[in-house]
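Raw coords-v1.cif, mmCIF, C-alpha atoms:
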data_input
#
loop_
_atom_site.label_atom_id
_atom_site.label_comp_id
_atom_site.auth_asym_id
_atom_site.auth_seq_id
_atom_site.Cartn_x
_atom_site.Cartn_y
_atom_site.Cartn_z
CA MET A 267 29.13 -14.41 30.28
CA ALA A 268 28.69 -11.53 32.69
CA ASP A 269 29.26 -13.90 35.56
CA GLU A 270 32.59 -14.98 34.12
CA THR A 271 33.88 -11.43 33.82
CA ARG A 272 32.90 -10.69 37.41
CA ALA A 273 34.40 -13.89 38.78
CA VAL A 274 37.98 -12.85 38.09
CA PRO A 275 38.04 -9.59 40.12
CA SER A 276 35.84 -11.05 42.86
CA THR A 277 38.33 -13.72 43.88
CA PRO A 278 41.03 -11.26 44.96
CA SER A 279 38.38 -9.14 46.73
CA GLU A 280 37.31 -12.13 48.81
CA GLN A 281 40.77 -12.20 50.18
CA SER A 282 40.64 -8.49 50.97
CA GLY A 283 37.35 -8.56 52.89
CA ALA A 284 33.62 -9.08 52.94
CA SER A 285 32.92 -5.38 52.63
CA ASP A 286 33.69 -5.41 48.90
CA ARG A 287 31.10 -8.02 48.05
CA PRO A 288 27.90 -6.02 48.66
CA GLU A 289 29.41 -3.21 46.57
CA ARG A 290 30.11 -5.54 43.74
CA SER A 291 26.63 -7.02 43.69
CA GLY A 292 25.20 -3.50 43.76
CA GLU A 293 27.32 -2.65 40.74
CA ARG A 294 26.08 -5.64 38.87
CA ARG A 295 22.45 -4.74 39.50
CA GLY A 296 22.93 -1.09 38.68
CA PRO A 297 23.39 -0.98 34.91
CA ARG A 298 21.25 -4.02 34.20
CA PRO A 299 17.67 -2.74 34.52
CA GLY A 300 18.66 0.49 32.81
CA GLY A 301 19.37 -1.29 29.58
CA PRO A 302 16.65 -2.08 27.01
CA GLY A 303 14.32 -4.71 28.41
CA GLY A 304 15.68 -7.42 26.22
CA ARG A 305 17.40 -9.80 28.67
CA GLU A 306 14.93 -12.21 30.18
CA GLY A 307 17.16 -14.92 31.58
CA GLY A 308 16.42 -15.19 35.27
CA ARG A 309 16.26 -11.53 36.29
CA LYS A 310 14.04 -11.37 39.30
CA TYR A 311 13.42 -7.67 39.72
CA PHE A 312 10.97 -5.54 37.81
CA ARG A 313 11.33 -4.37 34.34
CA ARG A 314 9.02 -1.39 33.83
CA LYS A 315 5.73 -2.87 32.75
CA LYS A 316 5.37 -2.19 29.05
CA VAL A 317 1.79 -1.95 27.92
CA CYS A 318 0.41 -2.45 24.46
CA LYS A 319 -0.33 0.94 22.98
CA PHE A 320 -3.30 -0.39 21.03
CA CYS A 321 -4.92 -2.06 24.01
CA VAL A 322 -4.56 1.01 26.16
CA GLU A 323 -5.87 3.52 23.64
CA LYS A 324 -8.44 1.04 22.33
CA ILE A 325 -7.41 1.58 18.73
CA GLU A 326 -9.30 -1.05 16.86
CA GLY A 327 -8.54 -1.14 13.17
CA ILE A 328 -4.91 -0.84 12.20
CA ASN A 329 -5.00 0.48 8.67
CA TYR A 330 -2.10 0.53 6.26
CA LYS A 331 -3.03 4.10 5.38
CA ASP A 332 -2.17 5.83 8.65
CA VAL A 333 1.54 6.09 8.12
CA ARG A 334 2.13 8.18 11.21
CA LEU A 335 0.87 5.44 13.49
CA LEU A 336 2.77 2.73 11.66
CA ALA A 337 5.98 4.70 11.55
CA GLN A 338 6.18 4.61 15.35
CA PHE A 339 6.72 0.87 15.15
CA VAL A 340 9.31 0.94 12.43
CA ALA A 341 12.99 1.46 13.18
CA GLU A 342 15.15 3.97 11.37
CA SER A 343 16.49 1.22 9.16
CA GLY A 344 12.95 0.43 8.07
CA LYS A 345 12.74 -2.80 10.05
CA ILE A 346 9.64 -3.67 12.07
CA VAL A 347 10.34 -3.26 15.80
CA PRO A 348 10.06 -6.57 17.67
CA ARG A 349 7.33 -7.11 20.19
CA ARG A 350 9.63 -7.27 23.19
CA LEU A 351 10.90 -3.76 22.50
CA SER A 352 7.67 -2.07 21.53
CA GLY A 353 5.51 -3.81 24.14
CA VAL A 354 2.69 -4.57 21.74
CA CYS A 355 0.55 -7.60 22.47
CA THR A 356 0.58 -10.55 20.06
CA PRO A 357 -2.68 -10.12 18.11
CA HIS A 358 -1.97 -6.43 17.61
CA GLN A 359 1.59 -7.12 16.56
CA ARG A 360 0.36 -9.55 13.93
CA ARG A 361 -2.09 -7.02 12.52
CA LEU A 362 0.48 -4.27 12.74
CA SER A 363 3.03 -6.25 10.78
CA VAL A 364 0.45 -7.04 8.09
CA ALA A 365 -0.39 -3.35 7.83
CA ILE A 366 3.27 -2.35 7.65
CA LYS A 367 3.90 -4.84 4.88
CA GLN A 368 0.89 -3.53 2.94
CA ALA A 369 2.13 0.02 3.40
CA ARG A 370 5.55 -1.00 2.15
CA ASN A 371 4.01 -2.48 -0.96
CA ILE A 372 2.21 0.72 -1.82
CA ALA A 373 5.31 2.85 -1.19
CA LEU A 374 4.02 4.54 1.94
CA LEU A 375 6.82 3.05 3.99
CA PRO A 376 10.26 2.06 2.77
CA PHE A 377 11.48 -1.49 2.67
CA ALA A 378 14.92 -0.38 3.79
CA GLY A 379 15.74 3.09 5.03
CA ARG A 380 19.27 4.07 5.76
CA ALA A 381 21.66 1.18 6.30
CA SER A 382 21.21 -0.22 9.82
CA MET B 264 -21.22 -11.19 -4.04
CA ASN B 265 -21.20 -8.40 -1.47
CA ARG B 266 -17.47 -8.24 -0.94
CA THR B 267 -16.04 -4.84 -0.34
CA TYR B 268 -12.60 -4.05 -1.66
CA GLU B 269 -10.34 -1.09 -1.35
CA LEU B 270 -8.17 -0.43 -4.33
CA MET B 271 -5.38 2.03 -3.94
CA PHE B 272 -3.29 2.95 -6.91
CA ILE B 273 -0.54 5.40 -7.69
CA VAL B 274 -0.47 7.40 -10.86
CA ARG B 275 2.57 9.13 -12.28
CA PRO B 276 2.89 12.70 -11.02
CA ASP B 277 2.82 14.40 -14.41
CA MET B 278 -0.68 13.27 -15.20
CA THR B 279 -3.24 15.98 -15.82
CA GLU B 280 -6.56 16.34 -14.00
CA GLU B 281 -8.62 15.42 -17.03
CA ASP B 282 -6.60 12.30 -17.67
CA GLN B 283 -7.19 11.30 -14.07
CA ASP B 284 -10.91 11.87 -14.50
CA LYS B 285 -10.90 9.82 -17.67
CA LEU B 286 -9.16 6.97 -15.91
CA ILE B 287 -11.61 7.08 -13.02
CA SER B 288 -14.61 7.10 -15.31
CA THR B 289 -13.20 4.13 -17.23
CA LEU B 290 -12.83 2.22 -14.01
CA GLU B 291 -16.31 3.19 -12.87
CA SER B 292 -17.88 1.97 -16.09
CA ALA B 293 -15.98 -1.29 -15.78
CA VAL B 294 -17.33 -1.70 -12.27
CA SER B 295 -20.93 -1.03 -13.17
CA SER B 296 -20.82 -3.22 -16.25
CA SER B 297 -19.69 -6.19 -14.16
CA GLY B 298 -22.51 -5.61 -11.72
CA GLY B 299 -20.67 -3.95 -8.88
CA SER B 300 -20.97 -0.56 -7.32
CA VAL B 301 -18.47 2.14 -6.52
CA LYS B 302 -18.72 3.20 -2.94
CA ASN B 303 -16.19 5.95 -2.78
CA ILE B 304 -13.45 7.62 -4.77
CA GLU B 305 -10.82 9.57 -2.96
CA ARG B 306 -7.89 11.44 -4.37
CA MET B 307 -5.16 11.63 -1.83
CA GLY B 308 -3.03 14.03 -3.80
CA LYS B 309 0.62 14.05 -4.63
CA ARG B 310 2.88 12.36 -2.12
CA ARG B 311 6.50 11.54 -1.94
CA LEU B 312 7.10 7.85 -2.48
CA ALA B 313 9.11 5.92 0.08
CA TYR B 314 11.21 4.40 -2.68
CA THR B 315 11.68 4.93 -6.39
CA VAL B 316 9.07 3.26 -8.55
CA ARG B 317 9.78 3.19 -12.26
CA LYS B 318 12.16 6.11 -11.78
CA PHE B 319 9.49 8.30 -10.13
CA HIS B 320 9.98 9.87 -6.73
CA ASP B 321 6.47 11.28 -6.32
CA GLY B 322 3.08 9.99 -7.23
CA ILE B 323 -0.58 10.86 -7.12
CA TYR B 324 -2.44 8.48 -4.82
CA MET B 325 -6.02 7.44 -5.46
CA LEU B 326 -8.32 5.31 -3.42
CA LEU B 327 -11.31 3.48 -4.83
CA THR B 328 -13.77 1.58 -2.67
CA VAL B 329 -15.72 -0.96 -4.63
CA GLU B 330 -18.38 -3.49 -3.79
CA GLY B 331 -18.51 -6.53 -5.99
CA SER B 332 -17.22 -10.00 -6.68
CA GLY B 333 -13.69 -11.24 -7.02
CA GLY B 334 -13.98 -11.41 -10.78
CA LEU B 335 -14.62 -7.70 -10.85
CA ILE B 336 -11.38 -7.03 -9.03
CA HIS B 337 -9.58 -9.31 -11.45
CA GLU B 338 -10.89 -7.18 -14.29
CA LEU B 339 -10.00 -3.90 -12.62
CA GLU B 340 -6.50 -5.03 -11.83
CA ARG B 341 -6.02 -6.19 -15.40
CA ARG B 342 -7.00 -2.75 -16.61
CA LEU B 343 -4.72 -1.04 -14.16
CA ARG B 344 -1.81 -3.21 -15.12
CA VAL B 345 -2.29 -2.26 -18.76
CA THR B 346 -2.79 1.45 -18.13
CA GLU B 347 0.52 3.15 -18.63
CA PRO B 348 0.28 6.02 -16.09
CA VAL B 349 -0.57 3.68 -13.21
CA ILE B 350 2.68 2.68 -11.56
CA LYS B 351 1.50 0.70 -8.54
CA PHE B 352 -1.71 -0.70 -7.10
CA LEU B 353 -2.83 -2.60 -4.07
CA THR B 354 -6.18 -4.28 -3.44
CA VAL B 355 -7.33 -5.07 0.06
CA ARG B 356 -10.51 -6.86 1.02
CA ILE B 357 -12.21 -4.91 3.77
CA ASP B 358 -15.62 -6.43 4.40
CA GLU B 359 -14.42 -9.01 6.93
CA GLU B 360 -12.37 -6.48 8.80
CA GLN B 361 -15.38 -4.15 8.79
CA GLN B 362 -17.57 -6.91 10.20
CA ARG B 363 -15.09 -7.49 13.00
CA LEU B 364 -14.91 -3.79 13.84
CA ASP B 365 -18.69 -3.45 13.82
CA LYS B 366 -18.99 -6.41 16.14
CA ILE B 367 -16.53 -4.89 18.57
CA LYS B 368 -18.30 -1.56 18.40
CA ALA B 369 -21.64 -3.23 19.05
CA LEU B 370 -20.19 -5.12 22.01
CA ARG B 371 -18.82 -1.88 23.41
CA GLU B 372 -22.14 -0.10 23.03
CA ALA B 373 -23.97 -2.95 24.73
CA ARG B 374 -21.47 -2.99 27.56
CA ARG B 375 -21.69 0.76 27.98
CA LYS B 376 -25.47 0.67 28.09
CA ALA B 377 -25.58 -2.22 30.53
CA ALA B 378 -22.98 -0.97 32.96
CA PRO B 379 -23.84 2.69 33.68
CA ALA B 380 -27.64 2.17 33.45
CA PRO B 381 -28.15 0.57 36.87
CA ALA B 382 -25.46 2.74 38.47
CA ALA B 383 -26.66 6.12 37.21
CA GLU B 384 -30.35 5.56 37.78
CA THR B 385 -30.55 7.94 40.67
CA GLY B 386 -28.27 10.54 39.10
CA THR B 387 -28.00 11.45 35.46
CA GLU B 388 -30.66 9.13 34.13
CA GLY B 389 -33.28 10.85 36.23
CA ALA B 390 -32.13 14.22 34.97
CA ALA B 391 -32.26 13.02 31.36
CA VAL B 392 -35.80 11.78 31.77
CA THR B 393 -37.07 15.06 33.18
CA ALA B 394 -35.21 17.03 30.46
#

Now that the file is in, can you turn its structure into structure tokens?
Amino acid sequence: MADETRAVPSTPSEQSGASDRPERSGERRGPRPGGPGGREGGRKYFRRKKVCKFCVEKIEGINYKDVRLLAQFVAESGKIVPRRLSGVCTPHQRRLSVAIKQARNIALLPFAGRAS
Amino acid sequence: MNRTYELMFIVRPDMTEEDQDKLISTLESAVSSSGGSVKNIERMGKRRLAYTVRKFHDGIYMLLTVEGSGGLIHELERRLRVTEPVIKFLTVRIDEEQQRLDKIKALREARRKAAPAPAAETGTEGAAVTA
């Protein structure tokens, strides 16, 4: 999709000169890594390496009772933040989601906060 | 038989201290009569609920750690369901999780003892022995 939108202005610039092309490719690369690290399709440069908070701090048991820890992984709308945004590794994300659901059941966390 | 459960329940906020004590003692007697044991009782105080439960916005949280069989939990939950002031409860089995955590802790201790022991022989270990 992004390629299509760039294709239209690039064709007249080819006529004008080669000097425009490096600028245009620089523009395309500029905003991309700044955005949330969601896009995976074929980007070759580095996304900042997200590490799993639990693995780094060696937090072992994720309990449903520590609401402050769990609330870091819950969006404002009350939804559980996906793994690719929070950087949590898979086994910890599974345990975290179980704990969040238990906390929701005992009214420590809301099911739905404000409307997303 | 040695399963450990954690039972958290919420009581309506306008319940008096003595009523809470009565409820806890009822639960304790139910536990001991079915052959279990109460490990711990914790009152977590009044908290704001994340959503409205039976038209209440606050509730008094209580945590009960019990050791016993599954039938015991069945009985406890039945009692809680019937008790009018209790508005919500949640039972979690914690003995398997505890086993896993203990195993990890033991592994870490073993690793810590094995790794620095040969390295610190000349340094701190020697000092510890003389002290």

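Distances to chain A were evaluated for B:Gly298, B:Gly322, B:Pro379, B:Pro276 using all atoms listed in the file, and the minimum falls at B:Gly322.
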
With 12 Å as the limit and counting all atoms listed in the file, what residues in chain B lie close to chain A? Please list them as a PDB file with C-alpha atoms, in the coordinates of the input.
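File selection-v1.pdb, as written:
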ATOM      1  CA  GLU B 269     -10.340  -1.090  -1.350  1.00  0.00           C
ATOM      2  CA  LEU B 270      -8.170  -0.430  -4.330  1.00  0.00           C
ATOM      3  CA  MET B 271      -5.380   2.030  -3.940  1.00  0.00           C
ATOM      4  CA  PHE B 272      -3.290   2.950  -6.910  1.00  0.00           C
ATOM      5  CA  ILE B 273      -0.540   5.400  -7.690  1.00  0.00           C
ATOM      6  CA  VAL B 274      -0.470   7.400 -10.860  1.00  0.00           C
ATOM      7  CA  MET B 307      -5.160  11.630  -1.830  1.00  0.00           C
ATOM      8  CA  ARG B 310       2.880  12.360  -2.120  1.00  0.00           C
ATOM      9  CA  ARG B 311       6.500  11.540  -1.940  1.00  0.00           C
ATOM     10  CA  LEU B 312       7.100   7.850  -2.480  1.00  0.00           C
ATOM     11  CA  ALA B 313       9.110   5.920   0.080  1.00  0.00           C
ATOM     12  CA  TYR B 314      11.210   4.400  -2.680  1.00  0.00           C
ATOM     13  CA  THR B 315      11.680   4.930  -6.390  1.00  0.00           C
ATOM     14  CA  VAL B 316       9.070   3.260  -8.550  1.00  0.00           C
ATOM     15  CA  ARG B 317       9.780   3.190 -12.260  1.00  0.00           C
ATOM     16  CA  PHE B 319       9.490   8.300 -10.130  1.00  0.00           C
ATOM     17  CA  HIS B 320       9.980   9.870  -6.730  1.00  0.00           C
ATOM     18  CA  ASP B 321       6.470  11.280  -6.320  1.00  0.00           C
ATOM     19  CA  GLY B 322       3.080   9.990  -7.230  1.00  0.00           C
ATOM     20  CA  ILE B 323      -0.580  10.860  -7.120  1.00  0.00           C
ATOM     21  CA  TYR B 324      -2.440   8.480  -4.820  1.00  0.00           C
ATOM     22  CA  MET B 325      -6.020   7.440  -5.460  1.00  0.00           C
ATOM     23  CA  LEU B 326      -8.320   5.310  -3.420  1.00  0.00           C
ATOM     24  CA  ILE B 350       2.680   2.680 -11.560  1.00  0.00           C
ATOM     25  CA  LYS B 351       1.500   0.700  -8.540  1.00  0.00           C
ATOM     26  CA  PHE B 352      -1.710  -0.700  -7.100  1.00  0.00           C
ATOM     27  CA  LEU B 353      -2.830  -2.600  -4.070  1.00  0.00           C
ATOM     28  CA  THR B 354      -6.180  -4.280  -3.440  1.00  0.00           C
ATOM     29  CA  VAL B 355      -7.330  -5.070   0.060  1.00  0.00           C
ATOM     30  CA  ARG B 356     -10.510  -6.860   1.020  1.00  0.00           C
ATOM     31  CA  ILE B 357     -12.210  -4.910   3.770  1.00  0.00           C
ATOM     32  CA  GLU B 359     -14.420  -9.010   6.930  1.00  0.00           C
ATOM     33  CA  GLU B 360     -12.370  -6.480   8.800  1.00  0.00           C
ATOM     34  CA  GLN B 361     -15.380  -4.150   8.790  1.00  0.00           C
ATOM     35  CA  GLN B 362     -17.570  -6.910  10.200  1.00  0.00           C
ATOM     36  CA  ARG B 363     -15.090  -7.490  13.000  1.00  0.00           C
ATOM     37  CA  LEU B 364     -14.910  -3.790  13.840  1.00  0.00           C
ATOM     38  CA  ASP B 365     -18.690  -3.450  13.820  1.00  0.00           C
ATOM     39  CA  LYS B 366     -18.990  -6.410  16.140  1.00  0.00           C
ATOM     40  CA  ILE B 367     -16.530  -4.890  18.570  1.00  0.00           C
ATOM     41  CA  LYS B 368     -18.300  -1.560  18.400  1.00  0.00           C
ATOM     42  CA  ARG B 371     -18.820  -1.880  23.410  1.00  0.00           C
TER      43      ARG B 371
END

Pick from B:Met278, B:Ile287, B:Ala369, B:Val329 nearest to Lys302 of chain B, counting only C-alpha atoms:
B:Val329

Could you work out how far atom CA of Arg306 of chain B lies from atom CA of Glu342 of chain A, giving the answer in Å with one decimal?
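According to the coordinates, atom CA of Glu342 of chain A and atom CA of Arg306 of chain B are separated by 28.9 Å.
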
What gap, in Å, lies between atom CA of Asp332 of chain A and atom CA of Lys367 of chain A?
12.8 Å

So the first atom is atom CA of Pro348 of chain B and the second is atom CA of Thr267 of chain B; what is the distance between them in Å, to one decimal place?
25.1 Å

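Considering only C-alpha atoms, the residue among B:Arg375, B:Ile336, B:Thr346, B:Arg341 positioned nearest to Lys285 of chain B is B:Thr346.
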
If the PyMOL selection byres ((chain A and resi 344-360) around 8) were run on this exact file, what residues would it hold? Put them as number ranges by chain.
A: 302-304, 316-321, 339-343, 361-364, 366, 375-380
